[in-house]
file target_6.txt (compact mmCIF, C-alpha atoms)
# COMPACT_ATOMS: atom_id res chain seq x y z
CA MET A 67 16.90 -19.59 -0.98
CA ALA A 68 14.93 -21.51 1.63
CA LYS A 69 11.83 -20.01 0.21
CA LEU A 70 8.91 -19.25 2.45
CA THR A 71 5.92 -21.21 1.33
CA LEU A 72 2.18 -21.11 1.66
CA ALA A 73 2.54 -23.67 4.48
CA ASP A 74 4.85 -21.28 6.35
CA LEU A 75 2.33 -18.51 5.96
CA LYS A 76 -0.43 -20.77 7.28
CA LYS A 77 1.73 -21.74 10.25
CA LEU A 78 2.49 -18.12 10.98
CA ARG A 79 -1.21 -17.39 10.88
CA ASP A 80 -1.99 -20.22 13.31
CA ASP A 81 0.80 -19.20 15.65
CA LYS A 82 -0.55 -15.70 15.82
CA LYS A 83 -4.17 -16.66 16.10
CA ARG A 84 -5.49 -15.12 19.23
CA GLU A 85 -8.28 -16.21 21.44
CA VAL A 86 -9.86 -12.84 21.68
CA GLU A 87 -13.41 -12.32 22.67
CA LYS A 88 -15.19 -10.63 19.84
CA ARG A 89 -16.17 -7.15 20.83
CA ASP A 90 -19.81 -6.38 20.40
CA VAL A 91 -19.88 -4.29 17.25
CA GLU A 92 -23.41 -5.24 16.34
CA GLY A 93 -22.08 -8.13 14.35
CA LYS A 94 -20.36 -5.77 11.95
CA THR A 95 -16.77 -4.94 11.32
CA THR A 96 -15.05 -1.66 12.00
CA ARG A 97 -13.30 -0.39 8.88
CA VAL A 98 -10.39 1.94 8.43
CA ILE A 99 -9.84 3.10 4.84
CA ILE A 100 -6.58 4.88 4.16
CA GLY A 101 -6.08 7.19 1.17
CA MET A 102 -3.20 5.82 -0.88
CA GLY A 103 -3.04 8.14 -3.84
CA THR A 104 0.20 9.87 -4.79
CA CYS A 105 -0.74 12.63 -2.34
CA GLY A 106 -1.43 10.23 0.52
CA ILE A 107 1.76 8.26 -0.04
CA ALA A 108 3.88 11.42 -0.20
CA ALA A 109 2.31 12.65 3.04
CA GLY A 110 2.93 9.38 4.90
CA ALA A 111 0.00 6.99 4.26
CA LYS A 112 2.28 4.02 4.88
CA GLU A 113 3.26 5.33 8.31
CA ALA A 114 -0.42 5.82 9.15
CA PHE A 115 -1.15 2.29 7.91
CA ASP A 116 1.59 0.86 10.15
CA ALA A 117 0.45 2.92 13.13
CA PHE A 118 -3.15 1.68 12.76
CA LEU A 119 -1.98 -1.93 12.51
CA ASP A 120 0.42 -1.63 15.44
CA GLU A 121 -2.15 -0.03 17.72
CA ILE A 122 -4.85 -2.55 16.74
CA ASP A 123 -2.30 -5.24 17.58
CA ALA A 124 -1.28 -3.58 20.86
CA LEU A 125 -4.90 -3.37 22.01
CA LYS A 126 -5.63 -6.89 20.71
CA LEU A 127 -8.68 -5.68 18.82
CA SER A 128 -10.45 -8.08 16.54
CA ASP A 129 -12.99 -7.42 13.84
CA VAL A 130 -11.17 -4.42 12.44
CA ALA A 131 -10.54 -4.29 8.71
CA VAL A 132 -7.94 -1.97 7.24
CA THR A 133 -8.11 -1.20 3.54
CA GLN A 134 -6.59 1.26 1.12
CA THR A 135 -8.16 3.38 -1.50
CA GLY A 136 -6.88 5.84 -4.08
CA CYS A 137 -7.02 9.57 -3.62
CA MET A 138 -10.13 10.67 -1.69
CA GLY A 139 -9.99 14.16 -3.17
CA LEU A 140 -8.66 15.64 0.08
CA CYS A 141 -5.04 16.05 -1.02
CA HIS A 142 -4.59 19.15 1.13
CA VAL A 143 -5.08 17.22 4.39
CA GLU A 144 -3.32 13.95 3.60
CA PRO A 145 -2.75 11.43 5.00
CA THR A 146 -6.47 10.74 5.25
CA ALA A 147 -8.35 7.87 6.80
CA GLU A 148 -12.04 7.12 6.71
CA VAL A 149 -13.22 5.38 9.85
CA ILE A 150 -16.44 3.40 9.86
CA VAL A 151 -17.56 2.13 13.24
CA PRO A 152 -20.98 0.48 13.36
CA GLY A 153 -23.46 2.76 15.08
CA MET A 154 -21.36 5.86 14.50
CA PRO A 155 -21.26 8.34 11.64
CA GLU A 156 -18.69 7.65 8.94
CA ILE A 157 -15.81 10.04 9.48
CA ILE A 158 -12.93 11.14 7.28
CA TYR A 159 -9.93 12.22 9.26
CA GLY A 160 -7.14 14.35 7.80
CA HIS A 161 -3.53 14.94 8.82
CA VAL A 162 -3.42 11.37 10.13
CA LYS A 163 0.17 11.06 11.25
CA ALA A 164 1.18 8.04 13.32
CA ASP A 165 0.23 9.64 16.64
CA ILE A 166 -3.19 10.64 15.34
CA ALA A 167 -3.76 7.13 13.96
CA LYS A 168 -3.09 5.79 17.46
CA ARG A 169 -5.52 8.29 18.94
CA ILE A 170 -8.17 7.31 16.39
CA VAL A 171 -7.87 3.66 17.41
CA ASN A 172 -8.03 4.49 21.12
CA GLU A 173 -10.54 7.32 21.14
CA HIS A 174 -12.76 6.64 18.13
CA ILE A 175 -12.75 2.87 17.61
CA VAL A 176 -12.50 1.89 21.28
CA GLY A 177 -13.80 5.00 23.06
CA ARG A 178 -16.43 5.83 20.42
CA LYS A 179 -15.64 9.54 20.51
CA LEU A 180 -14.42 11.60 17.56
CA VAL A 181 -10.85 12.87 17.59
CA ASP A 182 -11.35 16.60 17.68
CA GLY A 183 -9.44 18.82 15.26
CA TYR A 184 -8.85 16.17 12.61
CA VAL A 185 -12.34 15.62 11.19
CA PHE A 186 -12.40 16.92 7.62
CA ASP A 187 -15.69 15.68 6.32
CA LYS A 188 -19.07 14.81 7.73
CA PRO A 189 -20.66 13.96 10.13
CA ALA A 190 -23.21 16.45 8.85
CA ALA A 191 -25.13 13.97 6.69
CA ASP A 192 -25.68 11.63 9.57
CA ILE A 193 -26.39 14.28 12.16
CA LEU A 194 -28.87 16.09 9.95
CA LYS A 195 -30.70 12.90 9.07
CA MET B 92 8.58 13.51 -4.64
CA HIS B 93 8.38 10.42 -2.50
CA LEU B 94 10.79 9.61 0.28
CA THR B 95 11.58 5.98 -0.47
CA LEU B 96 11.55 3.45 -3.30
CA SER B 97 8.74 1.60 -1.50
CA ASP B 98 6.56 4.69 -1.84
CA TYR B 99 7.13 4.83 -5.61
CA ILE B 100 6.28 1.14 -5.88
CA MET B 101 3.07 1.71 -3.89
CA ASP B 102 2.09 4.66 -6.02
CA LEU B 103 2.71 3.00 -9.37
CA THR B 104 1.13 -0.27 -8.26
CA GLN B 105 -1.94 1.64 -7.16
CA ASN B 106 -2.11 3.16 -10.66
CA ALA B 107 -1.94 -0.35 -12.14
CA VAL B 108 -4.72 -1.66 -9.91
CA GLU B 109 -6.83 1.43 -10.50
CA ALA B 110 -6.67 0.76 -14.26
CA GLY B 111 -9.10 -2.10 -13.67
CA SER B 112 -6.48 -4.84 -14.00
CA SER B 113 -7.14 -8.45 -13.06
CA LEU B 114 -3.41 -9.12 -12.95
CA VAL B 115 -0.61 -6.87 -11.72
CA ILE B 116 2.97 -8.12 -11.59
CA VAL B 117 5.62 -6.20 -9.67
CA ASP B 118 9.29 -7.14 -9.86
CA LEU B 119 11.87 -5.53 -7.59
CA ILE B 120 15.39 -6.59 -8.39
CA GLU B 121 18.50 -5.45 -6.56
CA GLU B 122 21.53 -6.74 -8.38
CA SER B 123 24.67 -7.60 -6.45
CA GLY B 124 26.44 -4.58 -7.95
CA GLY B 125 23.79 -2.29 -6.48
CA ARG B 126 21.72 -1.72 -9.60
CA VAL B 127 18.00 -1.53 -8.75
CA LYS B 128 15.40 -2.53 -11.35
CA VAL B 129 11.64 -2.31 -11.02
CA TYR B 130 9.04 -3.65 -13.46
CA ILE B 131 5.32 -3.08 -12.96
CA SER B 132 2.98 -4.53 -15.54
CA ASP B 133 -0.77 -4.86 -15.64
CA ASN B 134 -3.52 -6.05 -17.95
CA GLY B 135 -5.76 -3.07 -17.22
CA SER B 136 -7.37 -0.52 -19.50
CA GLY B 137 -4.09 0.69 -21.03
CA MET B 138 -3.62 3.98 -22.88
CA ASP B 139 -3.63 4.96 -26.52
CA GLU B 140 -0.52 6.53 -28.01
CA GLU B 141 -1.64 10.09 -27.48
CA THR B 142 -2.60 9.58 -23.82
CA LEU B 143 0.62 7.69 -23.18
CA LYS B 144 2.67 10.58 -24.53
CA ARG B 145 0.84 13.01 -22.34
CA ALA B 146 0.95 10.82 -19.21
CA ARG B 147 4.49 12.11 -18.71
CA ASP B 148 3.25 15.67 -18.47
CA PRO B 149 2.46 16.66 -14.87
CA PHE B 150 -0.12 19.15 -16.10
CA PHE B 151 -2.05 16.60 -18.12
CA THR B 152 -5.22 14.87 -17.05
CA ASN B 153 -8.00 13.29 -19.03
CA GLY B 154 -10.29 14.08 -16.12
CA VAL B 155 -11.84 10.63 -16.11
CA LYS B 156 -9.20 8.15 -15.07
CA HIS B 157 -9.48 8.78 -11.39
CA GLU B 158 -12.79 8.48 -9.66
CA LYS B 159 -12.60 11.39 -7.25
CA ARG B 160 -9.97 13.67 -8.68
CA LYS B 161 -8.77 15.14 -11.91
CA VAL B 162 -5.05 15.17 -11.39
CA GLY B 163 -2.23 12.67 -11.04
CA LEU B 164 1.46 13.10 -10.37
CA GLY B 165 2.72 9.55 -9.95
CA ILE B 166 4.52 9.31 -13.31
CA SER B 167 5.89 12.84 -12.97
CA PHE B 168 7.31 11.94 -9.58
CA LEU B 169 8.99 8.90 -11.12
CA ALA B 170 10.50 11.01 -13.91
CA GLN B 171 11.88 13.44 -11.34
CA PHE B 172 13.23 10.59 -9.21
CA MET B 173 15.02 9.12 -12.24
CA ALA B 174 16.44 12.51 -13.24
CA GLN B 175 17.67 13.00 -9.67
CA CYS B 176 19.76 9.85 -9.52
CA GLY B 177 20.64 9.27 -13.16
CA GLY B 178 18.20 6.43 -13.70
CA GLU B 179 16.33 5.28 -16.76
CA TRP B 180 12.65 4.61 -17.11
CA ASP B 181 10.11 3.77 -19.75
CA ILE B 182 6.44 3.06 -20.08
CA ALA B 183 4.64 1.09 -22.76
CA SER B 184 0.92 0.75 -23.06
CA GLU B 185 -1.75 -0.50 -25.38
CA LYS B 186 -5.38 0.42 -25.06
CA GLY B 187 -7.40 -2.55 -23.86
CA VAL B 188 -4.29 -4.67 -23.31
CA GLY B 189 -2.43 -3.12 -20.41
CA THR B 190 0.55 -1.08 -19.35
CA SER B 191 4.15 -1.97 -18.53
CA LEU B 192 6.41 0.35 -16.66
CA PHE B 193 10.09 -0.07 -16.01
CA PHE B 194 12.77 1.89 -14.21
CA GLU B 195 16.29 1.26 -13.06
CA TYR B 196 18.97 3.20 -11.28
CA ASP B 197 22.16 2.80 -9.32
CA GLY B 198 21.13 2.13 -5.72
CA LYS B 199 24.53 3.40 -4.60
CA ASN B 200 24.01 6.81 -6.17
CA ILE B 201 24.13 9.37 -3.38
CA ASP B 202 20.81 10.83 -4.53
CA ALA B 203 19.03 7.47 -4.71
CA PRO B 204 16.28 7.06 -2.11
CA PRO B 205 16.45 4.19 0.39
CA ILE B 206 14.35 1.06 -0.26
CA GLY B 207 12.19 2.01 2.71
CA ASN B 208 9.50 0.01 4.41
CA LEU B 209 8.87 -2.61 1.75
CA ALA B 210 6.74 -4.94 3.87
CA SER B 211 4.16 -2.27 4.65
CA ALA B 212 4.19 -1.04 1.06
CA VAL B 213 3.46 -4.50 -0.33
CA VAL B 214 0.79 -5.25 2.27
CA SER B 215 -0.81 -1.86 1.55
CA CYS B 216 -0.99 -2.75 -2.13
CA LEU B 217 -2.61 -6.11 -1.34
CA THR B 218 -5.48 -4.30 0.39
CA LEU B 219 -6.39 -2.04 -2.50
CA PRO B 220 -10.06 -2.40 -3.42
CA GLY B 221 -11.19 -4.76 -6.16
CA GLU B 222 -10.74 -8.33 -7.25
CA PHE B 223 -7.31 -8.69 -8.77
CA GLU B 224 -4.21 -10.83 -8.62
CA LEU B 225 -1.05 -9.10 -7.48
CA GLN B 226 2.24 -10.88 -7.76
CA PHE B 227 5.22 -9.32 -6.04
CA ASN B 228 8.58 -10.80 -7.01
CA ARG B 229 11.53 -9.69 -4.98
CA THR B 230 15.10 -10.52 -5.98
CA LEU B 231 18.25 -9.60 -4.09
CA GLY B 232 21.45 -10.84 -5.72
CA ASP B 233 20.80 -14.50 -6.54
CA GLU B 234 18.04 -14.95 -3.97
CA SER B 235 14.35 -14.25 -4.31
CA TYR B 236 10.88 -14.67 -2.87
CA THR B 237 7.38 -14.13 -4.18
CA VAL B 238 4.17 -12.96 -2.55
CA THR B 239 0.84 -13.31 -4.31
CA ARG B 240 -2.51 -11.88 -3.33
CA SER B 241 -4.31 -15.13 -4.22
CA GLU B 242 -2.12 -17.08 -1.77
CA ALA B 243 -2.87 -14.56 0.94
CA VAL B 244 -6.60 -14.80 0.19
CA GLU B 245 -6.35 -18.60 0.27
CA VAL B 246 -4.76 -18.49 3.72
CA PHE B 247 -6.75 -15.71 5.35
CA GLY B 248 -9.99 -15.43 3.44
CA ASP B 249 -10.44 -11.76 4.23
CA ILE B 250 -7.02 -10.19 3.81
CA ASN B 251 -8.28 -6.81 4.98
CA ASP B 252 -8.67 -8.11 8.51
CA ALA B 253 -6.08 -6.38 10.69
CA GLU B 254 -4.85 -9.68 12.09
CA ALA B 255 -4.26 -11.01 8.57
CA LEU B 256 -2.42 -7.81 7.62
CA LEU B 257 -0.18 -8.02 10.67
CA THR B 258 0.70 -11.62 9.82
CA LEU B 259 1.34 -10.77 6.18
CA ARG B 260 3.54 -7.85 7.14
CA GLU B 261 5.55 -10.13 9.42
CA TYR B 262 5.77 -12.72 6.64
CA ILE B 263 7.27 -10.20 4.22
CA ARG B 264 9.58 -8.75 6.86
CA THR B 265 10.81 -12.29 7.60
CA SER B 266 11.29 -12.98 3.90
CA GLU B 267 13.28 -9.76 3.50
CA ASN B 268 15.48 -10.61 6.49
CA GLU B 269 16.07 -14.12 5.17
CA LEU B 270 17.14 -12.71 1.82
CA LYS B 271 19.58 -10.34 3.47
CA GLU B 272 20.97 -13.08 5.73
CA LEU B 273 21.47 -15.39 2.77
CA ILE B 274 23.25 -12.67 0.84
CA ALA B 275 25.41 -11.80 3.86
CA LYS B 276 26.39 -15.47 4.29
CA GLY B 277 27.24 -15.80 0.62
CA SER B 278 29.42 -12.73 0.44
call {"tool": "encode", "arguments": {"input": "target_6.txt", "output": "structure tokens"}}
result
Amino acid sequence: MAKLTLADLKKLRDDKKREVEKRDVEGKTTRVIIGMGTCGIAAGAKEAFDAFLDEIDALKLSDVAVTQTGCMGLCHVEPTAEVIVPGMPEIIYGHVKADIAKRIVNEHIVGRKLVDGYVFDKPAADILK
Amino acid sequence: MHLTLSDYIMDLTQNAVEAGSSLVIVDLIEESGGRVKVYISDNGSGMDEETLKRARDPFFTNGVKHEKRKVGLGISFLAQFMAQCGGEWDIASEKGVGTSLFFEYDGKNIDAPPIGNLASAVVSCLTLPGEFELQFNRTLGDESYTVTRSEAVEVFGDINDAEALLTLREYIRTSENELKELIAKGS
């Protein structure tokens, strides 16, 4: 086939490159880590992953990294996503369906407020510090 | 059980990466007759004969493979999936050398899952933690394309950046569509 090449990928990257003002996140990157164990996948980790990406794209956010990890040991509340925003406690959210992923981007990453009802770990360690 | 083939590929690829592999090769082949074949091989820690035998048992765990948990159902899910749609699967492994897993089934079987969201599954796998090469080879009929993690790293530097992931996802979606168009033209 007319195989896509590395050059095509580079072109696609350049075409999509946005001139976005970097948000002030204290020079650090916001990270979203999605649980991608068997449990997470079965519960819809891929849908959460897509929802995070789509909402980050819709809001034209830069400096957000999305990564995957294996099972976080919270199989009962999958899909799970750990959200690390500089200056905020590290939070693990559970039951992260697509709509909740969108709320996390809007309310937590942009609005800097936790999404109530879906926090399944922490922020005790940070608050009690 | 997973909903789509893409989910099984994600799950089993994650196993391969988690085994400490520096190279993981995934082949997804859809033959023109509808037969679907998947090969996932890695050069990770591998398993000895006894562990390999027991890996098929959903109630088995060695308690150490996974960092934060003591259970795993990925292989059991695959076995159930194959039983459901009359497929075949096998796994071979050698301690210290790596593991190869293979399965195939008739994609037209009424109980076969759909391929699902392949682009997001592959991009998800590229963002798994660690330094490793992942090669994803996709074949549909006589046409094919390949995505490698090293190429993505070469282009984007940090492939975990959301912008890079969006571009990669679009790249794979485009590749998939091109494959399908080429096959449609040829038929």
call {"tool": "interface_residues", "arguments": {"input": "target_6.txt", "of": "chain B", "to": "chain A", "cutoff": "6 Å", "atoms": "only C-alpha atoms", "output": "PyMOL selection string"}}
result
chain B and resi 93+102+159-160+165+218-219+234+251-253
call {"tool": "write_last_selection", "arguments": {"input": "target_6.txt", "atoms": "C-alpha atoms", "output": "PDB file, keeping the file's coordinate frame"}}
result
ATOM      1  CA  HIS B  93       8.380  10.420  -2.500  1.00  0.00           C
ATOM      2  CA  ASP B 102       2.090   4.660  -6.020  1.00  0.00           C
ATOM      3  CA  LYS B 159     -12.600  11.390  -7.250  1.00  0.00           C
ATOM      4  CA  ARG B 160      -9.970  13.670  -8.680  1.00  0.00           C
ATOM      5  CA  GLY B 165       2.720   9.550  -9.950  1.00  0.00           C
ATOM      6  CA  THR B 218      -5.480  -4.300   0.390  1.00  0.00           C
ATOM      7  CA  LEU B 219      -6.390  -2.040  -2.500  1.00  0.00           C
ATOM      8  CA  GLU B 234      18.040 -14.950  -3.970  1.00  0.00           C
ATOM      9  CA  ASN B 251      -8.280  -6.810   4.980  1.00  0.00           C
ATOM     10  CA  ASP B 252      -8.670  -8.110   8.510  1.00  0.00           C
ATOM     11  CA  ALA B 253      -6.080  -6.380  10.690  1.00  0.00           C
TER      12      ALA B 253
END
call {"tool": "closest_residue", "arguments": {"input": "target_6.txt", "among": "B:Thr237, B:Asn268, B:Ser167, B:Ser184", "to": "Ser136 in chain B", "atoms": "only C-alpha atoms"}}
result
B:Ser184
call {"tool": "closest_residue", "arguments": {"input": "target_6.txt", "among": "A:Ile166, A:Val171, A:Leu180, A:Ala147", "to": "Glu121 in chain A", "atoms": "only C-alpha atoms"}}
result
A:Val171
call {"tool": "residues_around", "arguments": {"input": "target_6.txt", "residues": "Val143 in chain A", "least_positions_apart": "5", "cutoff": "9 Å", "atoms": "all atoms listed in the file", "output": "CSV table (one decimal) with C-alpha atoms, in the coordinates of the input"}}
result
chain,number,residue,atom,x,y,z
A,106,GLY,CA,-1.4,10.2,0.5
A,109,ALA,CA,2.3,12.6,3.0
A,159,TYR,CA,-9.9,12.2,9.3
A,160,GLY,CA,-7.1,14.4,7.8
A,161,HIS,CA,-3.5,14.9,8.8
A,162,VAL,CA,-3.4,11.4,10.1
A,186,PHE,CA,-12.4,16.9,7.6
call {"tool": "closest_residue", "arguments": {"input": "target_6.txt", "among": "B:Cys216, B:Leu231, B:Ala210, B:Leu94", "to": "Tyr262 in chain B", "atoms": "only C-alpha atoms"}}
result
B:Ala210
call {"tool": "atom_distance", "arguments": {"input": "target_6.txt", "atom1": "CA of Leu164 in chain B", "atom2": "CA of Glu121 in chain B"}}
result
25.5 Å
call {"tool": "atom_distance", "arguments": {"input": "target_6.txt", "atom1": "CA of Ser112 in chain B", "atom2": "CA of Ile157 in chain A"}}
result
29.3 Å
call {"tool": "closest_residue", "arguments": {"input": "target_6.txt", "among": "B:Asp233, B:Glu224, B:Asp133, B:Glu195", "to": "Leu273 in chain B", "atoms": "all atoms listed in the file"}}
result
B:Asp233
